[in-house]
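Notes for the one structure printed next.
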Amino acid sequence: MIVGEKSLMDLAYDERVDLADFLESLEPREWHAPTLCEKWTVKDVVAHVVSYEELSRFALIGRFAKGLVVHANQVGVRKFAQRSPDELLEFLRNHLHPKGLTAAFGGMIALVDATVHHQDIRRALGYPRIAPAERLERILPLVPRNPRLGAGRRIRGLRLRATDVDWQHGDGPEVVGTGEALLMAMTGRGAALRDLSGPGTQKLASRL
């Protein structure tokens with residue numbers, strides 16, 4: 001790590017602060033609006049972001065067993081379903097520093113999760129933002145090799161190049177766009193395709 005460079009944990013904290021500040025600005029009805037996560041409202045997405053924070057190792061194993069791994073995230077969302085938006089926001093404010101599973105890999109899980117889901121909400125509600133370059137430059141290299149996110153199969157044989165941050169990846173027909181749009185497309189968000197261009201975009205679209 002470069003001297004003076006923030007850790008992944010610090011960046012995850014910063015992203016959670018930004019997310020909490022944004023959520024505080026929402027109208028009550030917006031908490032029940034759909035997001036880019038299929039079948040999840042804003043409230044559901046926030047519940048997911050915080051749902052692993054206080055799980056012990058034993059409870060974490062139990063959740064994955066109950067959810068058969070694939071549906072473990074939905075199990076967490078249901079657990080928080082009865083909490084109000086204000087209660088969820090308070091819970092997030094009390095867990096700005098990642099703990100448990102989200103703190104794994106030096107905070108990588110929390111940073112990627114919070115950034116992608118922050119954009120899931122903003123894009124769906126029509127509140128765009130310029131994602132901080134410092135965070136994107138740390139996140140983008142992590143995503144292609146993360147099997148849980150499925151990015152590797154989506155971008156295989158393509159060259160991705162960011163226009164606003166110093167990042168490129170792969171070889172083949174090029175897909176060009178902002179780091180945020182590339183991040184969202186790599187993680188399966190078709191809504192980001194309108195912000196991408198290049199000869200590889202159609203192939204990427206067919207894989208989302």
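Identifiers in this document derive from the order of the structure tokens: chains are assigned A, B, ..., residues are numbered from 1 separately in each chain, and ligands are numbered from 1 in order of occurrence.
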Taking the chain letters and numbering used in this document, name the residues of stretch 3-204 of chain A that DSSP puts in helix (DSSP H, G or I), as a JSON list (two decimals) with N, CA and C atoms, in the first residue's frame.
```json
[["chain", "number", "residue", "atom", "x", "y", "z"],
["A", 8, "LEU", "N", -8.77, -0.37, 2.53],
["A", 8, "LEU", "CA", -10.09, -0.76, 2.05],
["A", 8, "LEU", "C", -11.14, -0.53, 3.13],
["A", 9, "MET", "N", -10.76, -0.77, 4.38],
["A", 9, "MET", "CA", -11.69, -0.56, 5.49],
["A", 9, "MET", "C", -12.06, 0.92, 5.62],
["A", 10, "ASP", "N", -11.08, 1.78, 5.47],
["A", 10, "ASP", "CA", -11.35, 3.23, 5.54],
["A", 10, "ASP", "C", -12.27, 3.66, 4.40],
["A", 11, "LEU", "N", -12.02, 3.14, 3.21],
["A", 11, "LEU", "CA", -12.84, 3.48, 2.06],
["A", 11, "LEU", "C", -14.26, 2.95, 2.22],
["A", 12, "ALA", "N", -14.39, 1.76, 2.80],
["A", 12, "ALA", "CA", -15.72, 1.20, 3.06],
["A", 12, "ALA", "C", -16.48, 2.09, 4.05],
["A", 13, "TYR", "N", -15.78, 2.56, 5.06],
["A", 13, "TYR", "CA", -16.40, 3.49, 6.03],
["A", 13, "TYR", "C", -16.88, 4.75, 5.30],
["A", 14, "ASP", "N", -16.04, 5.32, 4.46],
["A", 14, "ASP", "CA", -16.41, 6.53, 3.73],
["A", 14, "ASP", "C", -17.65, 6.30, 2.87],
["A", 15, "GLU", "N", -17.69, 5.15, 2.20],
["A", 15, "GLU", "CA", -18.83, 4.86, 1.33],
["A", 15, "GLU", "C", -20.11, 4.69, 2.14],
["A", 16, "ARG", "N", -20.00, 4.05, 3.29],
["A", 16, "ARG", "CA", -21.18, 3.88, 4.13],
["A", 16, "ARG", "C", -21.67, 5.22, 4.68],
["A", 17, "VAL", "N", -20.75, 6.11, 5.00],
["A", 17, "VAL", "CA", -21.15, 7.46, 5.44],
["A", 17, "VAL", "C", -21.91, 8.16, 4.32],
["A", 18, "ASP", "N", -21.39, 8.09, 3.11],
["A", 18, "ASP", "CA", -22.07, 8.72, 1.97],
["A", 18, "ASP", "C", -23.45, 8.10, 1.73],
["A", 19, "LEU", "N", -23.52, 6.79, 1.85],
["A", 19, "LEU", "CA", -24.80, 6.11, 1.67],
["A", 19, "LEU", "C", -25.80, 6.54, 2.73],
["A", 20, "ALA", "N", -25.38, 6.58, 3.97],
["A", 20, "ALA", "CA", -26.27, 6.98, 5.05],
["A", 20, "ALA", "C", -26.75, 8.42, 4.87],
["A", 21, "ASP", "N", -25.85, 9.30, 4.48],
["A", 21, "ASP", "CA", -26.24, 10.70, 4.25],
["A", 21, "ASP", "C", -27.26, 10.80, 3.12],
["A", 22, "PHE", "N", -27.06, 10.01, 2.06],
["A", 22, "PHE", "CA", -28.00, 10.02, 0.95],
["A", 22, "PHE", "C", -29.36, 9.48, 1.39],
["A", 23, "LEU", "N", -29.37, 8.38, 2.11],
["A", 23, "LEU", "CA", -30.63, 7.77, 2.55],
["A", 23, "LEU", "C", -31.42, 8.72, 3.44],
["A", 24, "GLU", "N", -30.71, 9.51, 4.21],
["A", 24, "GLU", "CA", -31.37, 10.47, 5.11],
["A", 24, "GLU", "C", -32.14, 11.53, 4.31],
["A", 28, "PRO", "N", -40.15, 9.38, 2.53],
["A", 28, "PRO", "CA", -40.61, 8.06, 3.01],
["A", 28, "PRO", "C", -41.06, 7.14, 1.88],
["A", 29, "ARG", "N", -41.75, 7.67, 0.87],
["A", 29, "ARG", "CA", -42.23, 6.82, -0.22],
["A", 29, "ARG", "C", -41.08, 6.23, -1.03],
["A", 30, "GLU", "N", -39.94, 6.93, -1.08],
["A", 30, "GLU", "CA", -38.82, 6.46, -1.88],
["A", 30, "GLU", "C", -38.17, 5.21, -1.28],
["A", 31, "TRP", "N", -38.34, 5.00, 0.00],
["A", 31, "TRP", "CA", -37.81, 3.79, 0.63],
["A", 31, "TRP", "C", -38.52, 2.54, 0.11],
["A", 32, "HIS", "N", -39.70, 2.71, -0.45],
["A", 32, "HIS", "CA", -40.47, 1.55, -0.94],
["A", 32, "HIS", "C", -40.45, 1.46, -2.46],
["A", 42, "VAL", "N", -35.79, -0.08, -2.01],
["A", 42, "VAL", "CA", -34.69, 0.62, -1.34],
["A", 42, "VAL", "C", -34.52, 0.07, 0.07],
["A", 43, "LYS", "N", -35.62, -0.10, 0.76],
["A", 43, "LYS", "CA", -35.58, -0.61, 2.13],
["A", 43, "LYS", "C", -34.95, -2.00, 2.18],
["A", 44, "ASP", "N", -35.28, -2.84, 1.22],
["A", 44, "ASP", "CA", -34.71, -4.19, 1.16],
["A", 44, "ASP", "C", -33.20, -4.13, 0.94],
["A", 45, "VAL", "N", -32.76, -3.27, 0.04],
["A", 45, "VAL", "CA", -31.34, -3.17, -0.25],
["A", 45, "VAL", "C", -30.57, -2.70, 0.98],
["A", 46, "VAL", "N", -31.10, -1.72, 1.68],
["A", 46, "VAL", "CA", -30.44, -1.24, 2.90],
["A", 46, "VAL", "C", -30.39, -2.35, 3.94],
["A", 47, "ALA", "N", -31.48, -3.10, 4.05],
["A", 47, "ALA", "CA", -31.50, -4.23, 4.99],
["A", 47, "ALA", "C", -30.41, -5.24, 4.63],
["A", 48, "HIS", "N", -30.24, -5.49, 3.35],
["A", 48, "HIS", "CA", -29.19, -6.42, 2.92],
["A", 48, "HIS", "C", -27.81, -5.90, 3.30],
["A", 49, "VAL", "N", -27.56, -4.62, 3.07],
["A", 49, "VAL", "CA", -26.24, -4.05, 3.34],
["A", 49, "VAL", "C", -25.84, -4.24, 4.79],
["A", 50, "VAL", "N", -26.80, -4.16, 5.71],
["A", 50, "VAL", "CA", -26.46, -4.24, 7.13],
["A", 50, "VAL", "C", -26.73, -5.60, 7.75],
["A", 57, "ARG", "N", -19.83, -16.24, 13.83],
["A", 57, "ARG", "CA", -19.47, -17.24, 12.83],
["A", 57, "ARG", "C", -20.51, -18.36, 12.78],
["A", 58, "PHE", "N", -21.01, -18.76, 13.94],
["A", 58, "PHE", "CA", -22.02, -19.83, 14.00],
["A", 58, "PHE", "C", -23.31, -19.37, 13.32],
["A", 59, "ALA", "N", -23.73, -18.12, 13.60],
["A", 59, "ALA", "CA", -24.96, -17.59, 13.00],
["A", 59, "ALA", "C", -24.80, -17.42, 11.50],
["A", 60, "LEU", "N", -23.59, -17.06, 11.07],
["A", 60, "LEU", "CA", -23.35, -16.91, 9.64],
["A", 60, "LEU", "C", -23.49, -18.24, 8.92],
["A", 61, "ILE", "N", -22.92, -19.29, 9.51],
["A", 61, "ILE", "CA", -23.06, -20.63, 8.93],
["A", 61, "ILE", "C", -24.53, -21.03, 8.87],
["A", 62, "GLY", "N", -25.26, -20.69, 9.94],
["A", 62, "GLY", "CA", -26.68, -21.02, 9.98],
["A", 62, "GLY", "C", -27.47, -20.30, 8.91],
["A", 63, "ARG", "N", -27.12, -19.04, 8.65],
["A", 63, "ARG", "CA", -27.84, -18.29, 7.61],
["A", 63, "ARG", "C", -27.59, -18.90, 6.24],
["A", 64, "PHE", "N", -26.35, -19.22, 5.95],
["A", 64, "PHE", "CA", -26.06, -19.81, 4.64],
["A", 64, "PHE", "C", -26.70, -21.18, 4.50],
["A", 65, "ALA", "N", -26.76, -21.91, 5.61],
["A", 65, "ALA", "CA", -27.42, -23.21, 5.55],
["A", 65, "ALA", "C", -28.93, -23.05, 5.31],
["A", 66, "LYS", "N", -29.51, -22.10, 5.99],
["A", 66, "LYS", "CA", -30.95, -21.85, 5.84],
["A", 66, "LYS", "C", -31.28, -21.34, 4.45],
["A", 72, "ALA", "N", -29.18, -16.83, 0.80],
["A", 72, "ALA", "CA", -28.82, -16.35, 2.13],
["A", 72, "ALA", "C", -29.06, -14.85, 2.26],
["A", 73, "ASN", "N", -28.86, -14.10, 1.19],
["A", 73, "ASN", "CA", -29.10, -12.65, 1.25],
["A", 73, "ASN", "C", -30.57, -12.35, 1.52],
["A", 74, "GLN", "N", -31.46, -13.14, 0.92],
["A", 74, "GLN", "CA", -32.89, -12.93, 1.13],
["A", 74, "GLN", "C", -33.28, -13.25, 2.56],
["A", 75, "VAL", "N", -32.62, -14.24, 3.15],
["A", 75, "VAL", "CA", -32.87, -14.57, 4.55],
["A", 75, "VAL", "C", -32.57, -13.36, 5.43],
["A", 76, "GLY", "N", -31.45, -12.69, 5.14],
["A", 76, "GLY", "CA", -31.09, -11.50, 5.91],
["A", 76, "GLY", "C", -32.07, -10.37, 5.73],
["A", 77, "VAL", "N", -32.54, -10.18, 4.50],
["A", 77, "VAL", "CA", -33.52, -9.12, 4.23],
["A", 77, "VAL", "C", -34.80, -9.37, 5.02],
["A", 78, "ARG", "N", -35.25, -10.62, 5.04],
["A", 78, "ARG", "CA", -36.47, -10.94, 5.79],
["A", 78, "ARG", "C", -36.30, -10.68, 7.28],
["A", 79, "LYS", "N", -35.10, -10.94, 7.78],
["A", 79, "LYS", "CA", -34.84, -10.73, 9.21],
["A", 79, "LYS", "C", -35.04, -9.27, 9.59],
["A", 85, "PRO", "N", -37.71, 2.42, 8.05],
["A", 85, "PRO", "CA", -36.58, 3.10, 7.42],
["A", 85, "PRO", "C", -35.71, 3.83, 8.43],
["A", 86, "ASP", "N", -36.32, 4.51, 9.38],
["A", 86, "ASP", "CA", -35.53, 5.23, 10.39],
["A", 86, "ASP", "C", -34.69, 4.26, 11.21],
["A", 87, "GLU", "N", -35.24, 3.11, 11.53],
["A", 87, "GLU", "CA", -34.49, 2.12, 12.32],
["A", 87, "GLU", "C", -33.35, 1.52, 11.51],
["A", 88, "LEU", "N", -33.59, 1.29, 10.23],
["A", 88, "LEU", "CA", -32.52, 0.78, 9.38],
["A", 88, "LEU", "C", -31.40, 1.80, 9.22],
["A", 89, "LEU", "N", -31.78, 3.05, 9.06],
["A", 89, "LEU", "CA", -30.78, 4.10, 8.93],
["A", 89, "LEU", "C", -29.97, 4.23, 10.22],
["A", 90, "GLU", "N", -30.64, 4.15, 11.35],
["A", 90, "GLU", "CA", -29.93, 4.20, 12.64],
["A", 90, "GLU", "C", -28.97, 3.02, 12.77],
["A", 91, "PHE", "N", -29.41, 1.85, 12.35],
["A", 91, "PHE", "CA", -28.56, 0.66, 12.40],
["A", 91, "PHE", "C", -27.33, 0.86, 11.53],
["A", 92, "LEU", "N", -27.52, 1.40, 10.32],
["A", 92, "LEU", "CA", -26.40, 1.66, 9.44],
["A", 92, "LEU", "C", -25.45, 2.67, 10.07],
["A", 93, "ARG", "N", -25.98, 3.74, 10.64],
["A", 93, "ARG", "CA", -25.14, 4.75, 11.28],
["A", 93, "ARG", "C", -24.30, 4.14, 12.41],
["A", 100, "GLY", "N", -17.69, -8.35, 11.11],
["A", 100, "GLY", "CA", -18.09, -9.69, 10.68],
["A", 100, "GLY", "C", -17.73, -9.98, 9.24],
["A", 101, "LEU", "N", -18.67, -10.58, 8.50],
["A", 101, "LEU", "CA", -18.41, -11.00, 7.13],
["A", 101, "LEU", "C", -17.99, -9.83, 6.25],
["A", 102, "THR", "N", -18.64, -8.68, 6.40],
["A", 102, "THR", "CA", -18.34, -7.56, 5.49],
["A", 102, "THR", "C", -16.95, -6.99, 5.72],
["A", 103, "ALA", "N", -16.35, -7.29, 6.86],
["A", 103, "ALA", "CA", -15.00, -6.81, 7.14],
["A", 103, "ALA", "C", -13.94, -7.74, 6.56],
["A", 104, "ALA", "N", -14.36, -8.86, 5.98],
["A", 104, "ALA", "CA", -13.42, -9.84, 5.44],
["A", 104, "ALA", "C", -12.61, -9.26, 4.29],
["A", 105, "PHE", "N", -11.43, -9.83, 4.09],
["A", 105, "PHE", "CA", -10.51, -9.38, 3.04],
["A", 105, "PHE", "C", -10.18, -7.90, 3.19],
["A", 106, "GLY", "N", -9.98, -7.50, 4.43],
["A", 106, "GLY", "CA", -9.56, -6.13, 4.69],
["A", 106, "GLY", "C", -10.62, -5.08, 4.48],
["A", 107, "GLY", "N", -11.88, -5.50, 4.40],
["A", 107, "GLY", "CA", -12.98, -4.57, 4.16],
["A", 107, "GLY", "C", -13.43, -4.54, 2.72],
["A", 108, "MET", "N", -12.86, -5.43, 1.89],
["A", 108, "MET", "CA", -13.21, -5.47, 0.47],
["A", 108, "MET", "C", -14.68, -5.74, 0.25],
["A", 109, "ILE", "N", -15.25, -6.69, 1.00],
["A", 109, "ILE", "CA", -16.66, -7.02, 0.81],
["A", 109, "ILE", "C", -17.54, -5.82, 1.10],
["A", 110, "ALA", "N", -17.27, -5.15, 2.20],
["A", 110, "ALA", "CA", -18.09, -3.99, 2.57],
["A", 110, "ALA", "C", -17.97, -2.87, 1.55],
["A", 111, "LEU", "N", -16.76, -2.63, 1.05],
["A", 111, "LEU", "CA", -16.56, -1.55, 0.10],
["A", 111, "LEU", "C", -17.29, -1.82, -1.22],
["A", 112, "VAL", "N", -17.13, -3.00, -1.77],
["A", 112, "VAL", "CA", -17.79, -3.33, -3.03],
["A", 112, "VAL", "C", -19.29, -3.36, -2.85],
["A", 113, "ASP", "N", -19.74, -4.00, -1.78],
["A", 113, "ASP", "CA", -21.17, -4.15, -1.54],
["A", 113, "ASP", "C", -21.86, -2.79, -1.38],
["A", 114, "ALA", "N", -21.28, -1.93, -0.55],
["A", 114, "ALA", "CA", -21.89, -0.63, -0.30],
["A", 114, "ALA", "C", -21.89, 0.23, -1.56],
["A", 115, "THR", "N", -20.80, 0.19, -2.32],
["A", 115, "THR", "CA", -20.71, 1.03, -3.52],
["A", 115, "THR", "C", -21.71, 0.60, -4.58],
["A", 116, "VAL", "N", -21.77, -0.69, -4.85],
["A", 116, "VAL", "CA", -22.69, -1.19, -5.87],
["A", 116, "VAL", "C", -24.14, -0.96, -5.46],
["A", 117, "HIS", "N", -24.47, -1.25, -4.21],
["A", 117, "HIS", "CA", -25.86, -1.09, -3.79],
["A", 117, "HIS", "C", -26.25, 0.38, -3.63],
["A", 118, "HIS", "N", -25.29, 1.22, -3.29],
["A", 118, "HIS", "CA", -25.55, 2.66, -3.28],
["A", 118, "HIS", "C", -26.00, 3.09, -4.68],
["A", 119, "GLN", "N", -25.29, 2.62, -5.70],
["A", 119, "GLN", "CA", -25.64, 2.96, -7.07],
["A", 119, "GLN", "C", -26.93, 2.27, -7.52],
["A", 120, "ASP", "N", -27.21, 1.07, -7.02],
["A", 120, "ASP", "CA", -28.49, 0.40, -7.32],
["A", 120, "ASP", "C", -29.66, 1.30, -6.93],
["A", 121, "ILE", "N", -29.52, 1.96, -5.81],
["A", 121, "ILE", "CA", -30.58, 2.83, -5.33],
["A", 121, "ILE", "C", -30.62, 4.14, -6.11],
["A", 122, "ARG", "N", -29.46, 4.76, -6.25],
["A", 122, "ARG", "CA", -29.40, 6.07, -6.92],
["A", 122, "ARG", "C", -29.85, 5.99, -8.37],
["A", 123, "ARG", "N", -29.37, 5.00, -9.08],
["A", 123, "ARG", "CA", -29.73, 4.89, -10.50],
["A", 123, "ARG", "C", -31.24, 4.66, -10.66],
["A", 124, "ALA", "N", -31.80, 3.82, -9.81],
["A", 124, "ALA", "CA", -33.23, 3.52, -9.92],
["A", 124, "ALA", "C", -34.09, 4.73, -9.59],
["A", 125, "LEU", "N", -33.65, 5.53, -8.64],
["A", 125, "LEU", "CA", -34.43, 6.70, -8.22],
["A", 125, "LEU", "C", -34.14, 7.93, -9.06],
["A", 133, "ALA", "N", -13.31, 8.77, -7.29],
["A", 133, "ALA", "CA", -12.28, 8.06, -8.06],
["A", 133, "ALA", "C", -11.40, 7.21, -7.16],
["A", 134, "GLU", "N", -11.10, 7.70, -5.98],
["A", 134, "GLU", "CA", -10.25, 6.96, -5.05],
["A", 134, "GLU", "C", -10.83, 5.58, -4.74],
["A", 135, "ARG", "N", -12.16, 5.50, -4.63],
["A", 135, "ARG", "CA", -12.79, 4.22, -4.33],
["A", 135, "ARG", "C", -12.88, 3.35, -5.58],
["A", 136, "LEU", "N", -13.25, 3.95, -6.70],
["A", 136, "LEU", "CA", -13.37, 3.17, -7.93],
["A", 136, "LEU", "C", -12.04, 2.54, -8.32],
["A", 137, "GLU", "N", -10.96, 3.28, -8.17],
["A", 137, "GLU", "CA", -9.65, 2.75, -8.55],
["A", 137, "GLU", "C", -9.23, 1.57, -7.70],
["A", 138, "ARG", "N", -9.77, 1.47, -6.50],
["A", 138, "ARG", "CA", -9.47, 0.33, -5.64],
["A", 138, "ARG", "C", -10.44, -0.82, -5.87],
["A", 139, "ILE", "N", -11.68, -0.49, -6.23],
["A", 139, "ILE", "CA", -12.70, -1.52, -6.41],
["A", 139, "ILE", "C", -12.56, -2.26, -7.73],
["A", 140, "LEU", "N", -12.37, -1.51, -8.81],
["A", 140, "LEU", "CA", -12.42, -2.09, -10.16],
["A", 140, "LEU", "C", -11.47, -3.28, -10.35],
["A", 141, "PRO", "N", -10.22, -3.24, -9.86],
["A", 141, "PRO", "CA", -9.35, -4.40, -10.04],
["A", 141, "PRO", "C", -9.80, -5.63, -9.25],
["A", 142, "LEU", "N", -10.63, -5.43, -8.23],
["A", 142, "LEU", "CA", -11.06, -6.54, -7.38],
["A", 142, "LEU", "C", -12.21, -7.34, -7.97],
["A", 151, "ALA", "N", -18.50, -11.59, -12.41],
["A", 151, "ALA", "CA", -18.01, -10.66, -13.43],
["A", 151, "ALA", "C", -17.12, -11.35, -14.45],
["A", 152, "GLY", "N", -16.34, -12.33, -14.02],
["A", 152, "GLY", "CA", -15.40, -12.98, -14.92],
["A", 152, "GLY", "C", -16.02, -13.53, -16.18],
["A", 153, "ARG", "N", -17.16, -14.18, -16.03],
["A", 153, "ARG", "CA", -17.82, -14.78, -17.21],
["A", 153, "ARG", "C", -18.48, -13.70, -18.07],
["A", 154, "ARG", "N", -18.88, -12.60, -17.47],
["A", 154, "ARG", "CA", -19.53, -11.54, -18.24],
["A", 154, "ARG", "C", -18.55, -10.79, -19.13],
["A", 155, "ILE", "N", -17.32, -10.65, -18.67],
["A", 155, "ILE", "CA", -16.36, -9.81, -19.39],
["A", 155, "ILE", "C", -15.28, -10.62, -20.09],
["A", 179, "GLY", "N", -15.87, 4.56, -14.79],
["A", 179, "GLY", "CA", -15.58, 3.46, -13.88],
["A", 179, "GLY", "C", -16.83, 2.95, -13.19],
["A", 180, "GLU", "N", -17.70, 3.85, -12.85],
["A", 180, "GLU", "CA", -18.95, 3.45, -12.18],
["A", 180, "GLU", "C", -19.82, 2.61, -13.10],
["A", 181, "ALA", "N", -19.96, 3.02, -14.37],
["A", 181, "ALA", "CA", -20.77, 2.26, -15.31],
["A", 181, "ALA", "C", -20.18, 0.89, -15.57],
["A", 182, "LEU", "N", -18.86, 0.80, -15.69],
["A", 182, "LEU", "CA", -18.21, -0.49, -15.89],
["A", 182, "LEU", "C", -18.39, -1.38, -14.67],
["A", 183, "LEU", "N", -18.29, -0.81, -13.48],
["A", 183, "LEU", "CA", -18.52, -1.57, -12.26],
["A", 183, "LEU", "C", -19.92, -2.15, -12.23],
["A", 184, "MET", "N", -20.90, -1.33, -12.54],
["A", 184, "MET", "CA", -22.28, -1.78, -12.48],
["A", 184, "MET", "C", -22.56, -2.84, -13.54],
["A", 185, "ALA", "N", -22.00, -2.68, -14.73],
["A", 185, "ALA", "CA", -22.20, -3.67, -15.79],
["A", 185, "ALA", "C", -21.52, -4.99, -15.42],
["A", 186, "MET", "N", -20.31, -4.92, -14.88],
["A", 186, "MET", "CA", -19.61, -6.14, -14.49],
["A", 186, "MET", "C", -20.39, -6.94, -13.45],
["A", 190, "GLY", "N", -27.89, -4.22, -16.08],
["A", 190, "GLY", "CA", -28.12, -3.84, -17.47],
["A", 190, "GLY", "C", -28.37, -2.37, -17.65],
["A", 191, "ALA", "N", -28.84, -1.68, -16.63],
["A", 191, "ALA", "CA", -29.12, -0.25, -16.73],
["A", 191, "ALA", "C", -27.87, 0.56, -17.04],
["A", 192, "ALA", "N", -26.71, 0.00, -16.75],
["A", 192, "ALA", "CA", -25.46, 0.73, -16.99],
["A", 192, "ALA", "C", -25.04, 0.69, -18.45],
["A", 193, "LEU", "N", -25.65, -0.18, -19.24],
["A", 193, "LEU", "CA", -25.23, -0.33, -20.64],
["A", 193, "LEU", "C", -25.39, 0.96, -21.44],
["A", 194, "ARG", "N", -26.39, 1.76, -21.10],
["A", 194, "ARG", "CA", -26.61, 3.01, -21.85],
["A", 194, "ARG", "C", -25.47, 3.99, -21.67],
["A", 195, "ASP", "N", -24.63, 3.77, -20.67],
["A", 195, "ASP", "CA", -23.51, 4.66, -20.41],
["A", 195, "ASP", "C", -22.20, 4.09, -20.93],
["A", 201, "THR", "N", -19.59, -3.81, -26.50],
["A", 201, "THR", "CA", -20.75, -3.55, -25.64],
["A", 201, "THR", "C", -21.89, -4.52, -25.92],
["A", 202, "GLN", "N", -22.13, -4.85, -27.17],
["A", 202, "GLN", "CA", -23.22, -5.74, -27.49],
["A", 202, "GLN", "C", -23.01, -7.14, -26.91],
["A", 203, "LYS", "N", -21.76, -7.60, -26.98],
["A", 203, "LYS", "CA", -21.47, -8.92, -26.40],
["A", 203, "LYS", "C", -21.66, -8.89, -24.89],
["A", 204, "LEU", "N", -21.22, -7.83, -24.26],
["A", 204, "LEU", "CA", -21.42, -7.70, -22.82],
["A", 204, "LEU", "C", -22.90, -7.70, -22.49]]
```
* Asked: Could you name the residues that touch stretch 164-175 of chain A at 7 Å or less, counting only C-alpha atoms, but leaving out those on the same chain fewer than 6 positions away, as a ChimeraX atom specification?
  -> /A:133,137,157-158,196-201
* Asked: How would you write, as a list in words, the set of residues in chain A that DSSP gives as strand (DSSP E)?
  ->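 Selecting the strand (DSSP E) positions of chain A gives Arg159, Leu160, Arg161, Ala162, Gln168, His169, Glu174, Val175, Val176 and Gly177 of chain A.
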* Tell me which of A:Leu208, A:Ala33, A:Ala162, A:Ile130 sits closest to A:Gly150, counting only C-alpha atoms. =>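 Going through A:Leu208, A:Ala33, A:Ala162, A:Ile130 one by one, the smallest distance to A:Gly150 is for A:Leu208.
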* Asked: How far is it from atom CA of A:Glu27 to atom CA of A:His95, in Å with one decimal?
  ->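 These two atoms are separated by 22.4 Å.
Taking atom CA of A:Glu5 and atom CA of A:Pro132 as the two end points, the separation is 14.1 Å.
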